[in-house]
Structures are given as structure tokens and as C-alpha cells.
>>> print(open('upload22.cif').read())   # mmCIF, C-alpha atoms and all ligand atoms
data_target
loop_
_atom_site.label_atom_id
_atom_site.label_comp_id
_atom_site.auth_asym_id
_atom_site.auth_seq_id
_atom_site.Cartn_x
_atom_site.Cartn_y
_atom_site.Cartn_z
CA MET I 279 -77.04 86.90 98.23
CA ILE I 280 -78.66 90.25 97.52
CA THR I 281 -80.05 90.53 93.99
CA LEU I 282 -80.35 93.71 91.96
CA ALA I 283 -82.16 93.84 88.63
CA LEU I 284 -81.57 96.17 85.71
CA ALA I 285 -84.91 97.15 84.24
CA GLY I 286 -85.97 99.58 81.56
CA LYS I 287 -86.76 100.07 77.93
CA PRO I 288 -84.76 98.34 75.23
CA ASN I 289 -81.65 100.24 74.15
CA SER I 290 -81.23 102.22 77.39
CA GLY I 291 -77.93 100.49 78.09
CA LYS I 292 -78.88 97.74 80.54
CA SER I 293 -76.69 95.08 78.96
CA THR I 294 -73.78 97.50 78.73
CA PHE I 295 -74.22 98.34 82.41
CA TYR I 296 -74.47 94.64 83.20
CA ARG I 297 -71.32 93.79 81.27
CA ALA I 298 -69.39 96.64 82.82
CA ALA I 299 -70.52 95.71 86.32
CA THR I 300 -70.01 91.96 86.00
CA MET I 301 -67.41 91.79 83.25
CA ALA I 302 -69.49 88.93 81.89
CA PRO I 303 -70.42 88.67 78.24
CA ALA I 304 -73.93 89.85 77.29
CA GLU I 305 -75.26 90.71 73.90
CA ILE I 306 -75.27 94.43 73.24
CA ALA I 307 -76.96 95.92 70.23
CA ASN I 308 -78.74 98.99 69.07
CA TYR I 309 -82.12 97.33 68.54
CA PRO I 310 -84.90 96.08 70.84
CA PHE I 311 -85.06 92.63 72.46
CA THR I 312 -81.41 91.69 72.17
CA THR I 313 -81.65 90.28 75.67
CA ILE I 314 -84.06 87.38 75.48
CA ASP I 315 -83.21 85.50 78.64
CA PRO I 316 -82.24 87.39 81.73
CA ASN I 317 -78.53 87.21 82.36
CA ILE I 318 -77.54 86.70 85.96
CA GLY I 319 -74.05 87.62 87.01
CA VAL I 320 -72.02 88.79 89.95
CA ALA I 321 -71.41 92.50 90.48
CA HIS I 322 -69.94 94.10 93.58
CA VAL I 323 -70.57 96.89 96.04
CA ARG I 324 -67.58 98.94 96.97
CA THR I 325 -66.73 99.63 100.59
CA ASP I 326 -63.76 100.60 102.78
CA CYS I 327 -62.04 97.48 104.03
CA PRO I 328 -61.51 97.52 107.80
CA CYS I 329 -57.93 96.28 107.35
CA LYS I 330 -57.11 99.83 106.30
CA THR I 331 -57.29 100.92 109.93
CA LEU I 332 -55.85 97.70 111.36
CA GLY I 333 -52.37 98.41 110.04
CA LYS I 334 -52.08 95.15 108.13
CA PRO I 335 -53.33 94.46 104.59
CA CYS I 336 -55.83 91.59 104.58
CA GLY I 337 -55.14 90.33 101.09
CA ASN I 338 -58.83 90.37 100.19
CA CYS I 339 -59.05 93.99 99.11
CA THR I 340 -57.22 96.39 96.82
CA ASP I 341 -55.41 99.06 98.81
CA GLY I 342 -58.21 99.14 101.36
CA VAL I 343 -61.00 99.09 98.77
CA ARG I 344 -63.19 96.04 99.27
CA PHE I 345 -65.67 94.65 96.76
CA VAL I 346 -68.54 92.61 98.17
CA PRO I 347 -70.52 90.42 95.75
CA VAL I 348 -74.17 90.92 94.83
CA ASN I 349 -76.21 89.27 92.08
CA LEU I 350 -77.10 91.40 89.10
CA ILE I 351 -79.80 90.48 86.58
CA ASP I 352 -79.99 91.95 83.10
CA VAL I 353 -83.69 91.70 82.29
CA ALA I 354 -85.31 91.82 78.86
CA GLY I 355 -86.36 95.30 77.74
CA LEU I 356 -89.79 96.57 78.72
CA VAL I 357 -92.14 98.18 76.21
CA PRO I 358 -95.50 99.89 76.77
CA ASP I 359 -98.30 97.42 77.58
CA ALA I 360 -95.83 94.77 78.68
CA HIS I 361 -98.32 93.86 81.42
CA LYS I 362 -100.67 92.76 78.64
CA GLY I 363 -97.92 90.53 77.32
CA ARG I 364 -96.53 92.92 74.70
CA GLY I 365 -92.89 92.42 73.81
CA LEU I 366 -91.50 90.00 76.32
CA GLY I 367 -93.71 91.59 78.95
CA ASN I 368 -94.62 88.80 81.29
CA GLN I 369 -91.21 87.25 81.15
CA PHE I 370 -89.73 90.61 81.98
CA LEU I 371 -91.97 91.15 84.94
CA ASP I 372 -91.58 87.63 86.26
CA SER I 373 -87.81 87.90 86.33
CA LEU I 374 -88.18 90.95 88.56
CA ARG I 375 -89.64 88.70 91.25
CA GLN I 376 -86.17 87.60 92.32
CA ALA I 377 -84.91 91.15 92.72
CA ASP I 378 -84.46 92.83 96.10
CA ALA I 379 -84.14 96.19 94.37
CA ILE I 380 -84.37 97.54 90.86
CA LEU I 381 -82.02 99.80 88.96
CA HIS I 382 -84.20 101.45 86.36
CA VAL I 383 -81.93 102.35 83.46
CA VAL I 384 -83.20 105.19 81.28
CA ASP I 385 -81.49 106.83 78.33
CA ALA I 386 -80.80 110.24 79.86
CA SER I 387 -79.69 111.58 76.50
CA GLY I 388 -83.29 111.34 75.28
CA GLY I 389 -82.09 109.32 72.30
CA THR I 390 -84.46 106.38 72.71
CA ASP I 391 -88.21 106.54 72.08
CA SER I 392 -90.94 104.84 74.14
CA GLU I 393 -90.55 101.61 72.20
CA GLY I 394 -86.79 101.48 72.56
CA ASN I 395 -85.89 102.69 69.07
CA PRO I 396 -82.95 105.05 68.60
CA VAL I 397 -84.01 108.66 67.89
CA ASP I 398 -82.17 112.00 67.88
CA PRO I 399 -80.67 112.82 71.29
CA GLY I 400 -82.91 115.18 73.22
CA SER I 401 -86.08 114.25 71.34
CA HIS I 402 -87.55 111.92 73.99
CA ASP I 403 -88.20 113.00 77.58
CA PRO I 404 -86.68 110.30 79.84
CA ALA I 405 -88.74 111.54 82.79
CA VAL I 406 -91.74 109.93 81.07
CA ASP I 407 -89.97 106.56 81.20
CA ILE I 408 -89.76 106.66 84.98
CA GLU I 409 -93.54 106.92 85.33
CA PHE I 410 -94.02 104.38 82.57
CA LEU I 411 -92.04 101.67 84.35
CA LYS I 412 -93.88 102.30 87.61
CA PHE I 413 -97.18 102.07 85.79
CA GLU I 414 -96.27 98.83 84.00
CA MET I 415 -95.17 97.25 87.25
CA ALA I 416 -98.32 98.38 89.04
CA MET I 417 -100.44 96.93 86.24
CA TRP I 418 -98.52 93.68 86.41
CA VAL I 419 -99.27 93.42 90.14
CA TYR I 420 -102.86 94.44 89.43
CA GLY I 421 -103.11 91.59 86.93
CA ILE I 422 -102.07 89.12 89.62
CA LEU I 423 -104.56 90.58 92.07
CA ASP I 424 -107.35 90.63 89.51
CA LYS I 425 -106.93 86.91 88.82
CA HIS I 426 -107.66 86.14 92.47
CA TRP I 427 -110.05 88.98 93.17
CA SER I 428 -113.42 87.25 92.94
CA LYS I 429 -112.23 84.47 95.23
CA ILE I 430 -110.78 86.91 97.75
CA HIS I 431 -113.96 88.93 97.64
CA ARG I 432 -116.06 85.85 98.28
CA GLN I 433 -113.86 84.67 101.15
CA ALA I 434 -113.96 88.13 102.65
CA GLN I 435 -117.66 87.61 103.36
CA THR I 436 -116.74 85.15 106.10
CA ARG I 437 -115.88 86.74 109.43
CA THR I 438 -112.62 84.94 110.11
CA PHE I 439 -110.97 85.78 106.77
CA SER I 440 -108.26 88.44 106.82
CA ILE I 441 -108.28 90.23 103.50
CA HIS I 442 -104.80 91.57 104.24
CA ARG I 443 -103.41 88.08 104.71
CA GLY I 444 -105.37 86.79 101.73
CA ILE I 445 -103.89 89.42 99.43
CA ALA I 446 -100.38 89.01 100.82
CA GLU I 447 -100.61 85.30 99.96
CA VAL I 448 -101.58 86.08 96.39
CA PHE I 449 -98.33 88.01 95.89
CA THR I 450 -96.02 85.05 96.43
CA GLY I 451 -92.46 85.90 95.58
CA LEU I 452 -92.96 89.59 96.18
CA SER I 453 -92.33 89.17 99.93
CA ILE I 454 -95.35 91.20 100.90
CA THR I 455 -96.66 90.89 104.46
CA PRO I 456 -100.24 91.45 105.62
CA GLU I 457 -98.93 94.64 107.30
CA ASP I 458 -97.57 95.83 103.94
CA VAL I 459 -101.00 95.22 102.43
CA ARG I 460 -102.59 97.33 105.13
CA ASP I 461 -100.01 100.09 104.67
CA ALA I 462 -100.62 100.11 100.92
CA GLU I 463 -104.37 100.25 101.49
CA VAL I 464 -104.02 103.24 103.81
CA GLY I 465 -101.46 104.87 101.52
CA ALA I 466 -103.77 104.55 98.53
CA GLY I 467 -106.63 105.98 100.60
CA ILE I 468 -108.98 103.11 99.78
CA ASP I 469 -110.99 100.39 101.44
CA LEU I 470 -109.95 97.17 99.73
CA LEU I 471 -113.44 95.66 99.85
CA THR I 472 -115.19 98.53 98.15
CA ALA I 473 -112.36 100.03 96.04
CA SER I 474 -112.84 100.94 92.39
CA GLU I 475 -110.47 99.65 89.73
CA ALA I 476 -108.54 102.95 89.81
CA GLY I 477 -108.26 102.64 93.58
CA LEU I 478 -106.90 99.12 93.30
CA VAL I 479 -104.34 100.20 90.70
CA GLU I 480 -103.20 102.92 93.09
CA PHE I 481 -102.99 100.26 95.80
CA CYS I 482 -100.86 98.09 93.49
CA LYS I 483 -98.51 101.03 92.88
CA ARG I 484 -97.88 101.13 96.63
CA ILE I 485 -97.33 97.38 96.72
CA VAL I 486 -94.65 97.77 94.05
CA GLU I 487 -92.99 100.58 96.00
CA ILE I 488 -92.87 98.46 99.14
CA SER I 489 -91.78 95.26 97.45
CA LYS I 490 -89.34 96.56 94.85
CA PRO I 491 -87.41 99.65 95.92
CA MET I 492 -86.01 101.35 92.86
CA ILE I 493 -83.48 103.93 91.78
CA THR I 494 -83.27 105.53 88.38
CA VAL I 495 -80.01 105.36 86.47
CA GLY I 496 -79.78 108.13 83.88
CA ASN I 497 -77.44 106.45 81.42
CA LYS I 498 -75.66 107.73 78.29
CA VAL I 499 -74.81 111.05 79.91
CA ASP I 500 -71.87 111.23 77.52
CA LEU I 501 -74.36 111.67 74.66
CA ALA I 502 -76.76 113.94 76.48
CA PRO I 503 -77.46 117.48 75.33
CA LYS I 504 -77.57 119.79 78.33
CA GLY I 505 -81.34 120.27 78.20
CA ALA I 506 -81.94 116.53 78.43
CA ILE I 507 -80.04 116.29 81.69
CA ASP I 508 -81.86 119.29 83.14
CA ARG I 509 -85.15 117.49 82.63
CA LEU I 510 -84.04 114.75 84.99
CA LYS I 511 -82.49 116.96 87.62
CA GLY I 512 -84.42 117.02 90.85
CA THR I 513 -85.68 113.48 90.29
CA GLU I 514 -82.84 111.87 92.26
CA VAL I 515 -81.37 110.19 89.23
CA ASN I 516 -77.97 108.52 89.34
CA PHE I 517 -76.28 109.60 86.14
CA SER I 518 -73.99 107.17 84.37
CA THR I 519 -72.03 106.29 81.31
CA ALA I 520 -72.16 102.51 81.19
CA ALA I 521 -70.23 102.49 77.93
CA GLY I 522 -67.55 104.58 79.63
CA GLU I 523 -67.35 102.20 82.57
CA LEU I 524 -67.08 99.21 80.25
CA ALA I 525 -64.22 100.88 78.35
CA LEU I 526 -62.42 101.67 81.61
CA ARG I 527 -62.79 98.15 82.96
CA ASN I 528 -61.40 96.73 79.74
CA ALA I 529 -58.54 99.24 79.73
CA ALA I 530 -57.75 98.43 83.37
CA ALA I 531 -57.84 94.69 82.65
CA ALA I 532 -55.34 95.31 79.84
CA HIS I 533 -53.13 97.26 82.29
CA LEU I 534 -53.44 100.43 80.24
CA ILE I 535 -54.93 102.46 83.07
CA ALA I 536 -55.13 102.35 86.85
CA TYR I 537 -58.79 102.39 87.77
CA LEU I 538 -60.95 100.79 90.40
CA PRO I 539 -64.71 100.71 89.84
CA GLY I 540 -66.18 103.69 91.63
CA ASP I 541 -63.03 105.82 91.40
CA ALA I 542 -63.74 109.44 90.49
CA ALA I 543 -60.91 109.40 87.95
CA PHE I 544 -58.42 107.03 86.31
CA ARG I 545 -54.72 107.30 85.53
CA VAL I 546 -53.02 106.21 82.33
CA VAL I 547 -50.17 103.87 83.20
CA ASN I 548 -49.05 102.75 79.77
CA GLU I 549 -49.40 105.72 77.46
CA SER I 550 -47.16 104.33 74.72
CA ALA I 551 -49.45 101.31 74.29
CA LEU I 552 -52.50 103.51 73.55
CA SER I 553 -53.60 104.18 69.99
CA PRO I 554 -54.66 107.76 69.14
CA ALA I 555 -58.29 106.55 69.03
CA GLN I 556 -57.99 104.97 72.48
CA LYS I 557 -56.42 108.15 73.82
CA GLY I 558 -59.26 110.18 72.39
CA GLY I 559 -61.86 107.82 73.82
CA LEU I 560 -60.32 107.87 77.28
CA GLY I 561 -60.06 111.66 77.12
CA LYS I 562 -63.79 111.94 76.47
CA ILE I 563 -64.61 109.59 79.34
CA ALA I 564 -62.36 111.63 81.63
CA GLU I 565 -64.35 114.77 80.74
CA VAL I 566 -67.65 113.11 81.63
CA MET I 567 -66.21 111.73 84.86
CA LYS I 568 -65.18 115.20 85.91
CA ASP I 569 -68.79 116.38 85.69
CA TYR I 570 -70.25 113.35 87.47
CA LYS I 571 -67.42 112.35 89.82
CA GLY I 572 -67.00 109.01 88.09
CA THR I 573 -68.85 106.90 85.54
CA GLY I 574 -71.80 106.40 87.87
CA VAL I 575 -72.04 102.61 87.48
CA GLN I 576 -70.48 101.65 90.81
CA GLN I 577 -72.17 104.63 92.44
CA ALA I 578 -75.60 103.35 91.35
CA ILE I 579 -74.95 99.86 92.71
CA ASN I 580 -73.66 101.29 95.98
CA ARG I 581 -76.64 103.56 96.36
CA ALA I 582 -79.06 100.69 95.77
CA VAL I 583 -77.38 98.53 98.39
CA PHE I 584 -76.49 101.06 101.06
CA GLU I 585 -79.27 103.62 100.74
CA LEU I 586 -82.22 101.86 99.16
CA LEU I 587 -81.82 98.51 100.88
CA ASP I 588 -80.16 100.02 103.93
CA LEU I 589 -77.50 97.34 104.26
CA ILE I 590 -74.19 97.35 106.10
CA VAL I 591 -71.08 95.19 105.64
CA VAL I 592 -70.04 92.98 108.55
CA TYR I 593 -67.01 90.68 108.72
CA PRO I 594 -67.31 87.40 110.64
CA VAL I 595 -64.02 85.93 111.92
CA GLU I 596 -63.03 82.94 114.05
CA ASP I 597 -59.94 84.45 115.63
CA GLU I 598 -60.41 87.95 117.03
CA GLN I 599 -56.71 88.41 117.71
CA HIS I 600 -55.74 88.04 114.06
CA TYR I 601 -59.09 89.01 112.49
CA SER I 602 -58.97 85.73 110.65
CA ASP I 603 -60.61 82.39 110.11
CA SER I 604 -59.18 79.21 111.61
CA ARG I 605 -56.76 78.89 108.72
CA GLY I 606 -55.29 82.33 109.29
CA ARG I 607 -56.95 84.09 106.38
CA MET I 608 -57.58 87.66 107.44
CA LEU I 609 -61.11 89.07 106.97
CA PRO I 610 -62.04 86.22 104.62
CA ASP I 611 -65.75 87.02 104.38
CA ALA I 612 -67.89 90.10 104.09
CA PHE I 613 -71.64 89.86 104.68
CA LEU I 614 -74.27 92.34 103.65
CA MET I 615 -76.81 92.70 106.44
CA LYS I 616 -79.87 94.81 107.09
CA LYS I 617 -79.20 97.78 109.38
CA GLY I 618 -80.36 96.86 112.87
CA SER I 619 -79.07 93.26 112.59
CA THR I 620 -77.55 91.61 115.66
CA PRO I 621 -74.64 89.15 116.11
CA LYS I 622 -77.20 86.37 116.31
CA ASP I 623 -78.60 87.39 112.90
CA LEU I 624 -75.04 87.25 111.58
CA ALA I 625 -74.59 83.78 113.10
CA PHE I 626 -77.68 82.60 111.24
CA GLN I 627 -76.44 84.14 108.03
CA VAL I 628 -73.11 82.32 108.35
CA HIS I 629 -74.92 79.02 108.91
CA THR I 630 -78.27 77.96 110.36
CA ASP I 631 -76.53 75.59 112.80
CA ILE I 632 -74.16 78.32 113.97
CA GLY I 633 -77.19 80.51 114.57
CA LYS I 634 -79.03 77.79 116.48
CA GLY I 635 -76.01 77.11 118.67
CA PHE I 636 -75.21 80.80 119.21
CA LEU I 637 -73.63 81.43 122.64
CA TYR I 638 -72.11 84.91 122.42
CA ALA I 639 -70.14 87.21 120.15
CA VAL I 640 -66.91 89.17 120.47
CA ASP I 641 -66.25 92.53 118.84
CA ALA I 642 -62.81 91.86 117.36
CA LYS I 643 -61.82 95.52 117.36
CA THR I 644 -62.41 96.00 121.10
CA LYS I 645 -61.99 92.32 122.05
CA MET I 646 -65.10 92.77 124.18
CA ARG I 647 -68.04 90.44 124.39
CA VAL I 648 -71.19 91.92 122.94
CA LYS I 649 -74.77 91.08 123.78
CA GLU I 650 -76.96 88.96 121.56
CA THR I 651 -79.14 92.05 121.06
CA HIS I 652 -76.22 94.39 120.24
CA VAL I 653 -76.88 96.28 117.00
CA LEU I 654 -74.12 95.77 114.43
CA SER I 655 -72.44 98.71 112.68
CA GLN I 656 -70.90 99.13 109.25
CA GLY I 657 -67.42 97.56 109.20
CA ASP I 658 -67.83 95.51 112.39
CA ILE I 659 -65.58 92.48 112.74
CA ILE I 660 -67.33 89.86 114.81
CA ARG I 661 -66.29 86.52 116.24
CA ILE I 662 -69.24 84.26 116.89
CA VAL I 663 -69.02 81.63 119.56
CA SER I 664 -71.46 78.81 118.97
CA THR I 665 -71.96 75.24 120.11
CA ALA I 666 -71.91 74.33 116.43
CA LYS I 667 -68.67 74.17 114.50
N1 LIG O 701 -72.70 106.62 74.25
C1 LIG O 701 -73.17 105.66 75.02
N2 LIG O 701 -73.74 104.58 74.47
C2 LIG O 701 -74.19 103.62 75.30
C3 LIG O 701 -74.09 103.72 76.71
N3 LIG O 701 -74.63 102.61 77.25
C4 LIG O 701 -75.04 101.84 76.22
N4 LIG O 701 -74.77 102.43 75.04
C5 LIG O 701 -75.10 101.94 73.67
O1 LIG O 701 -76.51 101.85 73.54
C6 LIG O 701 -76.89 100.74 72.75
C7 LIG O 701 -77.82 99.82 73.53
O2 LIG O 701 -77.14 99.27 74.62
P1 LIG O 701 -77.58 97.92 75.34
O3 LIG O 701 -76.69 97.78 76.52
O4 LIG O 701 -77.65 96.78 74.40
O5 LIG O 701 -79.07 98.32 75.79
P2 LIG O 701 -80.24 97.41 76.42
O6 LIG O 701 -81.18 97.10 75.29
O7 LIG O 701 -80.90 98.29 77.42
O8 LIG O 701 -79.62 96.20 77.01
C8 LIG O 701 -75.58 100.05 72.35
O9 LIG O 701 -75.21 100.53 71.10
C9 LIG O 701 -74.59 100.53 73.42
O10 LIG O 701 -73.27 100.53 72.98
C10 LIG O 701 -73.48 104.90 77.27
O11 LIG O 701 -73.35 105.10 78.47
N5 LIG O 701 -73.06 105.83 76.37
MG MG O 702 -80.00 94.18 76.57
#
>>> encode(input="upload22.cif", output="C-alpha cells")
Amino acid sequence: MITLALAGKPNSGKSTFYRAATMAPAEIANYPFTTIDPNIGVAHVRTDCPCKTLGKPCGNCTDGVRFVPVNLIDVAGLVPDAHKGRGLGNQFLDSLRQADAILHVVDASGGTDSEGNPVDPGSHDPAVDIEFLKFEMAMWVYGILDKHWSKIHRQAQTRTFSIHRGIAEVFTGLSITPEDVRDAEVGAGIDLLTASEAGLVEFCKRIVEISKPMITVGNKVDLAPKGAIDRLKGTEVNFSTAAGELALRNAAAAHLIAYLPGDAAFRVVNESALSPAQKGGLGKIAEVMKDYKGTGVQQAINRAVFELLDLIVVYPVEDEQHYSDSRGRMLPDAFLMKKGSTPKDLAFQVHTDIGKGFLYAVDAKTKMRVKETHVLSQGDIIRIVSTAK
């Protein structure tokens, strides 16, 4: 399963975001290092369910809105010099290894200082935090490289040694290929063998960009003075109110409102059950949602999966007539796949044996056979025919 990680300074709202997105308990508090161990939970990406256009509800979506699971990790807060082990630095950075992409949560209201302590809204520039996280991650990667550097340098004296492969092997868990190493070297404008320390740090920055695509989530917009938001505009930030999303999910679970994660607005369904304080709270959230077309939590997850990681959703079925599995369950599974994937890739994702025994695939919408090399599209429903069962 795809894994997203929430990274950032303490107090930016990571655990609140995590709880809202997973509806799992996580400790939330207004002081640093509340999150000691990373919490791993299941969040979802939101997509249009194909049953919407098939004229028959599948039973696995809500009115044509489908939620596809992804892992979400709530990582310990990061403070300056984490790469030197400050705070829970190394632990923080190591838990990022598992992540396919990172959601960098910053306090867009400017109410959290560099160390993660609460300060007056607007007094800290969150744009600084974006560079800070990139720097810490680059320095973490540099630390790994530095540990192996003298050995790599020595080996590089022999003719048959590929420095690109050697470095890629050092970054185990970061899924870096020798080609990535070469790209990062060119991008940094250095020659790995003769580079200065500054050059290598620049190289490590590129390695981080390749290995851990990242979006910035500008959280706490509900608290943000206008000037604070302006500072982040133009930096492609996804604004959010994680606290707002958490309140809406709880209200929806209690049947007080009608709201699906990612909706631009909610509707009160049980007004008489709301206390004046709840009414006031919901009213404030509604105001924020108007400005940002929602709470921004689902939007950030969707952007990470569909834009950053460039994934599509594909639905494998066993019966193309009924769009179902062998037991008649319609559209039972939804798979996230890299754009450019083929039916054979899907077969392997369903099961290695199914992939190995792949014979052909059928596009369930057209009922036509498709080639092994056919490129899958978002929302495709595919029957795989394989020698394996
Ligand atoms: N107003 C407001 N407060 C928030 C929001 N998100 C988190 N908080 C508060 O900020 C504080 C820190 O949140 P937490 O999730 O523990 O931050 P973490 O240290 O990054 O995990 C808590 O008091 C939260 O209730 C938000 O969107 N708006
Ligand atoms: Mg936390």
C-alpha cells in the first residue's frame, strides 16, 4: 500500500491531521514531542467511483464517492539540528524511510516558532519552515553518505567501480537508483569524485527531492491573520484546518451533519441536537471552508497521491458482465497504480502468481480484449485472465 508521512515541526497540527484523516486516536497537545512513536494508520484518497456511470450502485462507495486506502504515518516533530540527533531527530528521519511521499505540515498562522513552541499568530514566518525541513532532510542524507564516503572514494579508484551504483547502494530504503544518483549529480552541477562538502550537500538535496516528493500543508488557516497567509501564497501550499476536519468528522459520525471528507461544504441534519457552542464552532468552520473550498485535509492527501505520486485508480474484476468478483460483489477492489501501468502490472499487483500466469485482459466497460502493453487509465475496470487462480 502507498504510504504518506506527515512531517514538520512540533505543534504544527500533524497529529490532528492524522486523527482527522484516519479517525484513529493519537495524542494531541500544545507542546513539543507529544508524538514519541510514529503512529501508522489508514487514511483514504477520494475518487469518483465508476459505478456512478454504470447505472447501478456498487455498495462499496457513498453515492459515487469512493475512498481508497493509503497508509498515513504521524511522525515525531522535527526541530532544528535534528540531523545531529537533536530532539528525536534520527528517529524522525528514519521513520520517513517508509514514506512514498511527505506531507509537510506547517503552521500557516505563524503561531509556532522554530522549536515548535506556541507564539503569537503572525510572529513566525512559516515559509522559513519549508526550507528548514528540506535542509534537515538533506543533512540527514548527507550524514548517511558521509559515513560511507571514504570507502566509496577508495573503491572509486578501481576502474570497474561505478560510483553511481555505489552511492545508490548506500541509500538503502530510499529507493534511489544509479540513474537517480547521476541525475542528482548533474542537477547539483558537481562531479561526485571531486565535490566539496557544499557540493555534496546540494547533491543530497536533489536525492531527497527524487526520493521523497513533498507537498506543504499550510495548517491552522482558521487562526491565520491575513498577512501570514499572503507569505505562503505562490509557494503551492495546500491550506488546511485539520482541527476543522476533525470536528466535522466527529460531527458526521454523530449524525449531526452530512459531510464526506473532501466535500466543499457540509449540511446540518440535526440542528436541534446541537448546542449553541457546537453551532458556533460549525459556523466558524463553514466560513473557513468557503474561503478554501473545504477543510483542505482530503485535498492534501488527494494531491499527494494523484499529482505528486502520479497514481491512478484501477478496479480489477473477475466477471466483466457484472463488474464483480466471482462471488458477485461489484467493484470489490480499487488499486492505486503508477500512471503508465499495464494490465500485466495490475495482474502482478493483485498477486504474483496471477501476474506470472497472465494471459490477457478485458476492458470491462467495452468488453474488449486489451493488449498486455495497453496503458491503463483512471477508473478502468479490468478483468485479468491468468493461468493462475
Ligand atoms: N485552530 C487550530 N488549531 C489546530 C489545528 N490543527 C491543530 N491545532 C492545535 O494545535 C495544537 C498542536 O496540534 P498537534 O496535532 O498535537 O500538533 P503536532 O505536534 O504537529 O502533532 C493542538 O492544540 C491542536 O488542537 C487547526 O487547524 N486549527
Ligand atoms: Mg504530534
>>> closest_atom_pairs(input="upload22.cif", of="stretch 462-537 of chain I", to="stretch 566-572 of chain I", cutoff="12 Å", atoms="all atoms listed in the file", output="tab-separated table")
residue	atom	partner	partner_atom	distance
I:Gly496	CA	I:Tyr570	CA	11.4
I:Asn497	CA	I:Tyr570	CA	11.7
I:Lys498	CA	I:Val566	CA	10.2
I:Val499	CA	I:Val566	CA	7.6
I:Asp500	CA	I:Val566	CA	6.2
I:Leu501	CA	I:Val566	CA	9.8
I:Ala502	CA	I:Val566	CA	10.5
I:Lys504	CA	I:Asp569	CA	12.0
I:Ile507	CA	I:Tyr570	CA	11.7
I:Val515	CA	I:Tyr570	CA	11.7
I:Asn516	CA	I:Tyr570	CA	9.3
I:Phe517	CA	I:Tyr570	CA	7.2
I:Ser518	CA	I:Tyr570	CA	7.9
I:Thr519	CA	I:Val566	CA	8.1
I:Ala520	CA	I:Gly572	CA	10.8
I:Ala521	CA	I:Val566	CA	11.5
I:Gly522	CA	I:Val566	CA	8.8
I:Glu523	CA	I:Gly572	CA	8.8
I:Leu526	CA	I:Gly572	CA	10.8
I:Tyr537	CA	I:Gly572	CA	10.6
>>> axis_aligned_box(input="upload22.cif", around="ligand LIG 701 (chain O)", padding_each_side="6 Å", output="AutoDock Vina command-line options")
--center_x -76.9 --center_y 101.4 --center_z 74.8 --size_x 20.5 --size_y 22.4 --size_z 19.4
>>> residues_around(input="upload22.cif", residues="I:Thr331", least_positions_apart="5", cutoff="12 Å", atoms="only C-alpha atoms", output="list in words")
Asp326, Cys336, Asp341, Gly342, Val343, Lys643 and Gly657 of chain I
>>> closest_residue(input="upload22.cif", among="I:Arg297, I:Arg484, I:Lys287, I:Lys425", to="I:Asp359", atoms="all atoms listed in the file")
I:Lys287
>>> atom_distance(input="upload22.cif", atom1="atom CA of I:Tyr593", atom2="atom CA of I:Ile659")
4.6 Å
